[in-house]
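What follows is a single structure, written as structure tokens, with notes after it.
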Amino acid sequence: MNSTPQLLFKNRVAGQTIFFKDYCKTGGYQALTKALKTMSPTEIVDVVKASGLRGRGGAGFSTGLKWSFFPADAPRPKYLVCNCDEMEPGTYKDGELLAADPHQLIEGMVLSAYALNADVGYIFIRYAYDQQLRNLQQAVAEAKKAGYLGKNILGSGFDFELHLHGSAGRYILGEETALLNGLEGKRPNPRLKPPFPAVRGLFGRPTTVNNVETIANIPHIINGGAEWFKDLARNPEGAGTKLFGLSGHLNCTECFELPVGIPLGELIEDYGGGVWKKRKFKACLPGGASTPYLTAEHLDIALDFDPLAKVGSRFGTAGVTVFDDHSCMLRATLNLLQFFARESCGWCTPCRDGLPLVCWLLEKIEKGEGTNEDLEMLKQQQQQITGRSFCALAEGAMGPLDGLLRLFEQEVIDHIQKGECPF
Amino acid sequence: MPTLTIDNRTVTVAEGASVLDAAVELGIVVPHYCYHQALGAVGACRQCAVTILEGSQKGLKMSCLVTAEDGMQVSTCDEESRSFRAQVGEWLMTNHPHDCPVCDEGGECQLQEMTIGSGHGIRRYRGNKRTHTNQDLGPFITQEMNRCIQCYRCVRAYKDYCGGEDFGVMGSRQRVFFGRFKEGPLESDFSGNLIDFCPTGVFTDKTSRFKTRYWDLQQAPSICPHCSLGCATLPGGRYQQLQRVRSGSNRLTNDSFICDRARFGSDWANHPQRPREARIDGEKAEFSVVLSQLEERLQSLVDTYGGETLRLLGSPRASFEANLLLKKLAVRFGAPTPCYDAHPRRAFAARAAGSIPSGQLASLQQLRASDLVLVAGVDPLAEAPVLALALRQVVRAGGRVVVLDPRPVELPCEFEHHSLTQEALLRGLSAPEENELLESLRQQLEAAHHPVLVGGGDLLGGAGLLLLRRFSESCCGDSDCLIFPVLHGPNSYGGGLLEEPGERQRDLLEDLENGKVRALICLEADPAIEHPDPGRMQLALARLDLLAVFDHLPTHSVAAANIFLPTRTLFECGGTYVNNEGRMQAFAPVIEPGIPLEVSGGGGHPLRQFDSGVPGSAPHSAIHLLQQLLKDRQDLFGLRRQIVEEIPCLRDLDRLEAGDSGRRMADCGESLEESRLEIWAQEGELRLLPVMARYGGDQYSRLSQPLASRLQQPCLWIHPLEAAERGFGEGQRVVLRTAVGHFRLSLSCKEKMVRGRVMLPCLPGTPLEVFTPGGLSIPCQLYAEDDNA
Amino acid sequence: MICLGNFSAEIEIMKKLLLKKQIDAFRRKVAKTEHPRELVIDLLREIQDRNGWVSDEGVELAAQILGVTPIEVEEVATFYDKIYRQPVGRYPIHICDSICCWSRGGEEIANHLQQQLEIKLGETTTDGLFTLLPTCCLGGCGRAPSMMIGRRFYGNLSLAELDRIIEQLREEAKG
């Protein structure tokens with residue numbers, strides 16, 4: 001079934017973790033060796049830029065471009081931080097990757113640090129990924145022993161120190177500046193930007209924060225080249241492969257590495273095994289809890305950043321959560337909003353107080369106690385919160401609400417008119 | 001200087017100012033909570049949204065976060081920003097209780113005003129509200145967390161600005177709690193600022209609860225009398241009772257912060273033992289009778305024995321105007337120029353501070369902007385608490401603070417402390433080029449962008465301040481090294497200006513003792529404990545034919561006076577103080593003088609007793625009393641105009657208004673030659689240095705009931721090694737033997753203090769009041785309490 | 001700072017909270033790092049692993065090791081969901097209530113557990129074995145519905161599976 005080239009999942013065997021010896025057998029650390037011996041840091045940045053790799057954490061910013069803003073010649077210390085907070089519901093790809101093949105991330109970290117001239121790295125790991133944390137601990141120890149981490153790596157004169165940080169569970173830590181505060185042992189509220197982390201990041205020093213999957217792609221890009229990587233995608237504007245984590249009402253809810261640009265319908269039918277219980281597809285979250293719903297009319301759409309933006313949704317983390325035609329989308333949206341309200345850090349008003357107000361309205365309507373005024377108020381809330389919160393959390397929370405009001409307004413009206421949930 | 005347009009009105013603002021600042025400048029109300037001028041913008045509350053029509057970033061923006069640009073067009077009236085601000089109002093009110101009628105903040109609540117200002121009126125939310133369990137935060141502050149709107153101002157003021165270490169923010173999402181780790185009294189010396197900074201009724205003043213509703217409160221801008229810094233305050237009272245003090249706002253001095261001594265230390269004005277009735281030889285009398293008696297007695301004394309036999313003593317507590325009138329009174333009776341501090345060394349320190357040219361003096365604002373401050377001989381938290389806050393701002397901005405002081409100085413920030421004796425410090429300043437430490441500091445100050453030297457009048461004395469001035473001149477690199485002298489009273493500087501010029505002030509005590517003086521007039525001064533040798537002074541006072549005292553505190557001198565005239569406190573009359581940097585600042589009357597209704601009415605509500613006092617019998621201001629003696633009928637403004645005509649360097653005095661930022665004096669201090677240092681300490685001998693106590697050390701705060709829990713307990717500080725050498729430890733009961741008597745005390749070991757000294761925090765009103773700060777160390781001996789028994 | 005009056009009492013409380021070698025290891029790390037505060041989560045997690053939760057004394061101990069004030073530790077500790085500032089049962093059960101688990105029967109799992117354990121969400125069983133805590137996404141979206149007991153993940157849950165796990169833990173607790 002899975003005939004597409006496997007980069008990130010090439011060593012993946014269900015229920016097993018590949019460590020140093022096996023990783024090296026399939027070409028592990030060759031990219032690092034090649035880069036340290038034959039490439040300058042700027043060359044690596046250029047290759048990454050040319051590869052078209054876009055951040056895999058959800059925002060989709062060009063990784064090469066982001067790196068080119070980094071003040072590589074600033075005095076030390078400079079930090080490279082890997083974001084493995086991955087707490088957006090529907091998203092579990094980084095966990096799968098680290099459960100299967102942790103050395104890819106280590107190699108990617110050293111390569112990226114070399115490209116950025118960063119000397120200290122942190123991998124920030126969510127609380128629930130205990131196994132993954134232990135895998136990384138072992139991988140770091142092995143890499144150190146083999147001389148791929150530490151002082152004077154492979155005789156290149158490049159030093160890189162790598163730390164692991166196990167978190168204690170909050171979605172807001174996925175926001176890069178909140179994550180930096182968390183790493184520093186402070187309250188993880190997001191920081192005011194500017195200054196951006198590239199200027200004043202961890203401990204006030206230049207810092208780049210990248211997602212696990214982004215960094216794990218770097219060795220493959222170095223090995224295969226920019227053109228090869230770009231051509232992996234199915235759509236012309238896309239680049240590379242992507243880890244798609246399937247969940248919700250599908251027969252098969254697993255994580256697959258597939259080309260960027262694969263059509264939604266193909267993903268659902270060929271990989272998700274179709275909608276469960278022989279039901280029909282109603283909607284899906286295409287890239288995690290914060291991305292507006294897609295419906296049956298979007299089944300042909302190429303799953304990539306630009307095509308999804310065009311239809312008012314987002315590629316996000318490519319964690320696809322499917323809803324069958326028995327689902328109450330109001331109830332689903334309420335569940336999502338409850339998540340965001342609970343994960344608010346409490347810093348800004350629209351998020352801290354606005355999201356609970358949205359939950360209250362949704363709950364009221366879902367219970368059949370809603371009025372037309374409540375629906376109006378709900379629309380107002382969506383307009384007033386969007387774009388006006390301190391960080392992207394509340395903005396993300398408005399994704400599903402926007403989808404609900406845009407695509408399923410009739411369902412909301414039905415709740416109000418019937419005085420109960422029609423499902 | 002960008003010029004921008006807000007709501008079709010144009011304004012030019014300083015470079016770097018925000019759009020919100022510009023709106024404030026225009027008087028356009030943009031509601032906001034998390035932004036505070038002194039704390040800056042953090043963008044949390046989202047209340048101050050406006051629409052930028054033209055500018056580098058367009059659309060709905062938080063005005064506190066957008067820097068004003070030239071040619072910017074801003075709207076606050078457009079539907080988009082108006083409806084968003086109303087929505088923020090609704091969000092903030094979802095959990096705020098509707099308890100305004102019983103809330104202490106009601107009527108002066110920023111949340112009330114700005115919710116109305118936001119346009120939010122009807123709450124649509126009908127669900128449950130989140131509630132909290134409150135903490136007991138001690139005697140000063142009541143916490144009511146249910147009212148919290150999570151603007152984070154409290155924690156930014158208490159922790160970030162003031163450096164408090166026992167307060168923070170806990171929890172997250174819609175359940176954020178601002179408080180202590182565990183219940184208990186707040187520890188910061190600036191805890192009261194929570195009251196001013198909280199925009200609603202979460203943190204309110206426990207000491208003034210249930211006394212007055214805001215709209216019934218009489219308030220007027222004033223100046224804090226507890227130290228020499230002249231912080232702006234806003235006292236409030238009702239029914240002849242002073243009920244609370246809030247911080248005023250003066251960016252040149254205290255900005256928007258005051259210390260707890262200022263805030264909770266003003267209850268002395270209501271003190272039950274406050275002398276409120278005129279007396280002749282212990283008998284109550286009508287004030288006009290007393291006044292004419294005084295005049296008669298003075299005249300006959302002067303006629304008989306000559307003006308030389310009359311002395312007058314002003315004080316750092318009395319207003320500048322009253323002190324100046326005292327000088328005129330001396331002229332009228334042919335008496336020598338008054339002294340303005342019973343403590344000769346302190347008087348000389350004030351004169352020395354006054355001799356520093358105005359251009360070389362730093363304001364607190366300049367000090368906050370310094371990158372290197374050298375503090376020589378000041379314990380800020382004891383002598384000038386808000387100075388400690390300013391030093392913290394220096395460090396927060398990346399600057400450094402170096403302290404040279406024998407005491408175990410503590411500051412709410414990181415600093416470098418060089419512990420050396422008073423004598424070593426003075427010797428070093430007299431020849432800094434020979435002193436390795438001072439030479440190295442001199443080079444650092446020279447290299448700094450905005451260096452400031454802080455010098456303590458009490459520790460350095462006038463001679464030391466003059467040496468410090470010379471030192472500062474040697475530190476001027478690309479920019480001048482400014483001086484920030486710290487004196488001891490609110491009008492010490494002003495008193496210094498009025499002193500008789502000349503090398504050394506005569507010691508009043510010597511003249512009293514040699515019998516040359518027959519009468520003494522004390523203006524809000526208590527020589528019986530303010531003089532460095534109170535025992536001798538008290539005996540000398542007893543020999544006078546006439547001791548006339550004008551005061552509002554229950555002092556020794558008041559008790560010993562032949563003629564006593566009660567005066568109003570600064571809360572009951574207008575006047576001017578000149579602060580430590582020569583800034584003249586006016587204060588206005590807040591309440592009427594007289595016995596508080598709560599006292600005369602027997603407490604309770606409604607009143608159950610009625611006062612039989614004759615209307616008009618309340619105290620007069622010292623200014624008024626002196627004017628009567630001088631047959632001067634001008635009002636305060638006329639008086640000020642006249643002063644300006646007579647003393648040109650006070651030219652701005654008549655333009656002062658209470659609540660303004662004050663005006664620096666022009667240079668008019670005498671130019672003082674450096675004088676001989678009085679250093680006589682021997683190496684190796686144990687000496688006692690009386691020092692200022694943090695609470696209870698000044699004449700006022702010791703009489704304030706709310707501060708009772710913070711008053712320092714009598715103890716003797718000693719270096720732990722010094723204690724160990726004598727076989728003593730922490731808490732050891734000892735007998736301290738000195739020339740003025742012996743005292744039983746317990747030892748408190750202080751690692752950061754200098755060796756070879758013991759230090760006594762001075763406490764007026766206790767047996768230890770025979771010691772006064774402001775002098776040099778004195779010989780002493782220590783024994784274990786048992787040995788002596 | 002920890003203020004327990006006398007030194008030996010302090011040592012006793014510390015020993016209860018962390019092993020001496022753990023404390024020493026942290027002290028060494030603190031001495032080595034420029035920013036000791038970055039260790040706060042590691043330290044709290046270790047105190048919690050050993051004691052089941054982080055008590056006030058635990059916060060004070062962490063503050064003392066890191067050289068910060070207790071409130072600075074508390075500010076962080078109370079932010080995170082997986083630092084327990086109240087006692088929990090021996091097996092804290094985190095039931096995922098986010099969208100993927102919800103879509104595949106998460107609510108039934110939560111209801112079933114509440115019935116079986118006779119407690120509501122947020123409560124601890126009287127035998128002190130189980131605490132039920134609703135939690136956001138655990139990253140087991142492909143194996144929904146899921147839960148975590150302590151640090152151990154359980155996915156693809158059915159009601160029967162659930163009963164078996166609870167029974168097994170009860171047995172484990174006996175042994």
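Note on naming: chains are A, B, ... as they come in the structure tokens, residues start from 1 per chain, ligands start from 1 in the order shown.
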
message = Please check the contacts: residues of chain B at most 12 Å away from chain C, using only C-alpha atoms, listed as a list in words.
response =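 My answer is Val155, Lys159, Gly164, Glu165, Asp166, Phe167, Gly168, Val169, Met170, Gly171, Ser172, Arg173, Gln174, Arg175, Val176, Phe177, Phe178, Gly179, Arg180, Phe181, Lys182 and Glu183 of chain B.
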
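For chain B, the residues close to chain A, meaning within 8 Å and counting only C-alpha atoms, are Val42, Gly43, Ala44, Cys45, Arg46, Phe84, Gln87, Val88, Trp91, Leu92, Thr94, Tyr125, Gly127, Gln150, Ser172, Arg173, Gln174, Arg175 and Val176 of chain B.
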
Contact residues (chain C, partner chain A, 7 Å, only C-alpha atoms) as a tab-separated table (two decimals) with N, CA, C and O atoms, in the first residue's frame:
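Once everything was written out, this is out_38.tsv:
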```
chain	number	residue	atom	x	y	z
C	37	ARG	N	17.70	28.06	37.56
C	37	ARG	CA	16.23	27.95	37.47
C	37	ARG	C	15.78	27.00	36.39
C	37	ARG	O	14.68	26.49	36.44
C	38	GLU	N	16.61	26.80	35.37
C	38	GLU	CA	16.17	25.93	34.28
C	38	GLU	C	15.95	24.50	34.76
C	38	GLU	O	15.33	23.70	34.08
C	39	LEU	N	16.46	24.19	35.96
C	39	LEU	CA	16.30	22.82	36.47
C	39	LEU	C	15.01	22.62	37.24
C	39	LEU	O	14.76	21.53	37.75
C	40	VAL	N	14.18	23.66	37.33
C	40	VAL	CA	13.04	23.59	38.25
C	40	VAL	C	12.07	22.46	37.89
C	40	VAL	O	11.60	21.74	38.78
C	41	ILE	N	11.80	22.28	36.60
C	41	ILE	CA	10.85	21.23	36.23
C	41	ILE	C	11.45	19.84	36.50
C	41	ILE	O	10.79	18.96	37.06
C	75	GLU	N	5.17	29.59	41.41
C	75	GLU	CA	4.64	30.21	40.20
C	75	GLU	C	4.70	29.25	39.02
C	75	GLU	O	3.80	29.21	38.19
C	76	VAL	N	5.78	28.48	38.97
C	76	VAL	CA	5.96	27.53	37.88
C	76	VAL	C	5.19	26.24	38.17
C	76	VAL	O	4.49	25.72	37.31
C	80	TYR	N	1.79	24.08	35.64
C	80	TYR	CA	1.78	22.83	34.89
C	80	TYR	C	0.75	21.85	35.46
C	80	TYR	O	0.63	21.69	36.67
C	81	ASP	N	0.05	21.18	34.55
C	81	ASP	CA	-0.98	20.22	34.97
C	81	ASP	C	-0.39	18.98	35.61
C	81	ASP	O	-1.02	18.34	36.44
C	82	LYS	N	0.80	18.60	35.16
C	82	LYS	CA	1.31	17.31	35.60
C	82	LYS	C	2.24	17.44	36.80
C	82	LYS	O	2.96	16.51	37.14
C	83	ILE	N	2.24	18.60	37.42
C	83	ILE	CA	2.87	18.74	38.74
C	83	ILE	C	1.69	18.80	39.71
C	83	ILE	O	0.84	19.68	39.59
C	98	SER	N	-9.63	15.03	24.86
C	98	SER	CA	-9.53	15.87	23.67
C	98	SER	C	-10.22	15.21	22.48
C	98	SER	O	-10.70	14.10	22.56
C	99	ILE	N	-10.18	15.90	21.35
C	99	ILE	CA	-11.09	15.60	20.25
C	99	ILE	C	-11.00	14.17	19.71
C	99	ILE	O	-12.02	13.53	19.46
C	100	CYS	N	-9.78	13.65	19.55
C	100	CYS	CA	-9.66	12.33	18.91
C	100	CYS	C	-10.20	11.24	19.82
C	100	CYS	O	-10.91	10.32	19.39
C	103	SER	N	-13.88	11.49	19.99
C	103	SER	CA	-14.58	10.99	18.81
C	103	SER	C	-14.65	9.46	18.81
C	103	SER	O	-15.44	8.87	18.08
C	104	ARG	N	-13.83	8.85	19.62
C	104	ARG	CA	-13.83	7.38	19.63
C	104	ARG	C	-14.19	6.82	21.01
C	104	ARG	O	-13.66	5.79	21.41
C	136	CYS	N	-5.83	16.92	28.75
C	136	CYS	CA	-5.85	17.20	27.33
C	136	CYS	C	-4.99	16.16	26.62
C	136	CYS	O	-4.33	15.35	27.25
C	137	CYS	N	-5.04	16.20	25.30
C	137	CYS	CA	-4.39	15.26	24.40
C	137	CYS	C	-3.07	14.69	24.94
C	137	CYS	O	-2.22	15.41	25.44
C	138	LEU	N	-2.95	13.37	24.84
C	138	LEU	CA	-1.75	12.68	25.32
C	138	LEU	C	-0.84	12.26	24.18
C	138	LEU	O	0.16	11.59	24.38
C	139	GLY	N	-1.21	12.63	22.97
C	139	GLY	CA	-0.38	12.26	21.82
C	139	GLY	C	-0.62	10.82	21.38
C	139	GLY	O	0.19	10.24	20.67
C	140	GLY	N	-1.74	10.24	21.84
C	140	GLY	CA	-2.07	8.89	21.43
C	140	GLY	C	-3.27	8.90	20.50
C	140	GLY	O	-4.10	7.99	20.53
C	141	CYS	N	-3.36	9.93	19.66
C	141	CYS	CA	-4.55	10.14	18.83
C	141	CYS	C	-4.82	8.97	17.89
C	141	CYS	O	-5.96	8.69	17.54
C	142	GLY	N	-3.76	8.28	17.48
C	142	GLY	CA	-3.94	7.13	16.61
C	142	GLY	C	-4.41	5.90	17.37
C	142	GLY	O	-4.82	4.90	16.77
C	151	ARG	N	3.14	7.50	34.46
C	151	ARG	CA	3.79	7.86	33.20
C	151	ARG	C	3.49	6.85	32.10
C	151	ARG	O	4.04	6.92	31.02
```

request  = Run DSSP on the backbone and grab whatever in range 182-328 of chain A lands in strand (DSSP E or B); send it over as a PyMOL selection string.
outcome  = chain A and resi 207-211+241-248+250+255-259+263+275+281-285+294-295+302+319-324

inquiry  = Residues within 7 Å of Asp402 in chain A, please, as an NGL selection string. Count only C-alpha atoms; anything in the same chain fewer than 3 positions from it doesn't count.
reply    = :A and (292 or 382 or 398-399 or 405-406)

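Computed from the coordinates, the CA of Gln634 in chain B to CA of Lys327 in chain B distance equals 16.9 Å.
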
request  = Name the residues of range 273-404 of chain A that come out as helix (DSSP H, G or I) in a backbone DSSP run; write them as a PyMOL selection string.
outcome  = chain A and resi 276-278+296-298+305-310+329-343+349-366+372-385+392-404

query = Ile262 in chain A: which residues within 9 Å, counting only C-alpha atoms, same-chain residues fewer than 3 positions away excluded, as a PyMOL selection string?
reply = chain A and resi 233-235+258-259+265-267+300-304
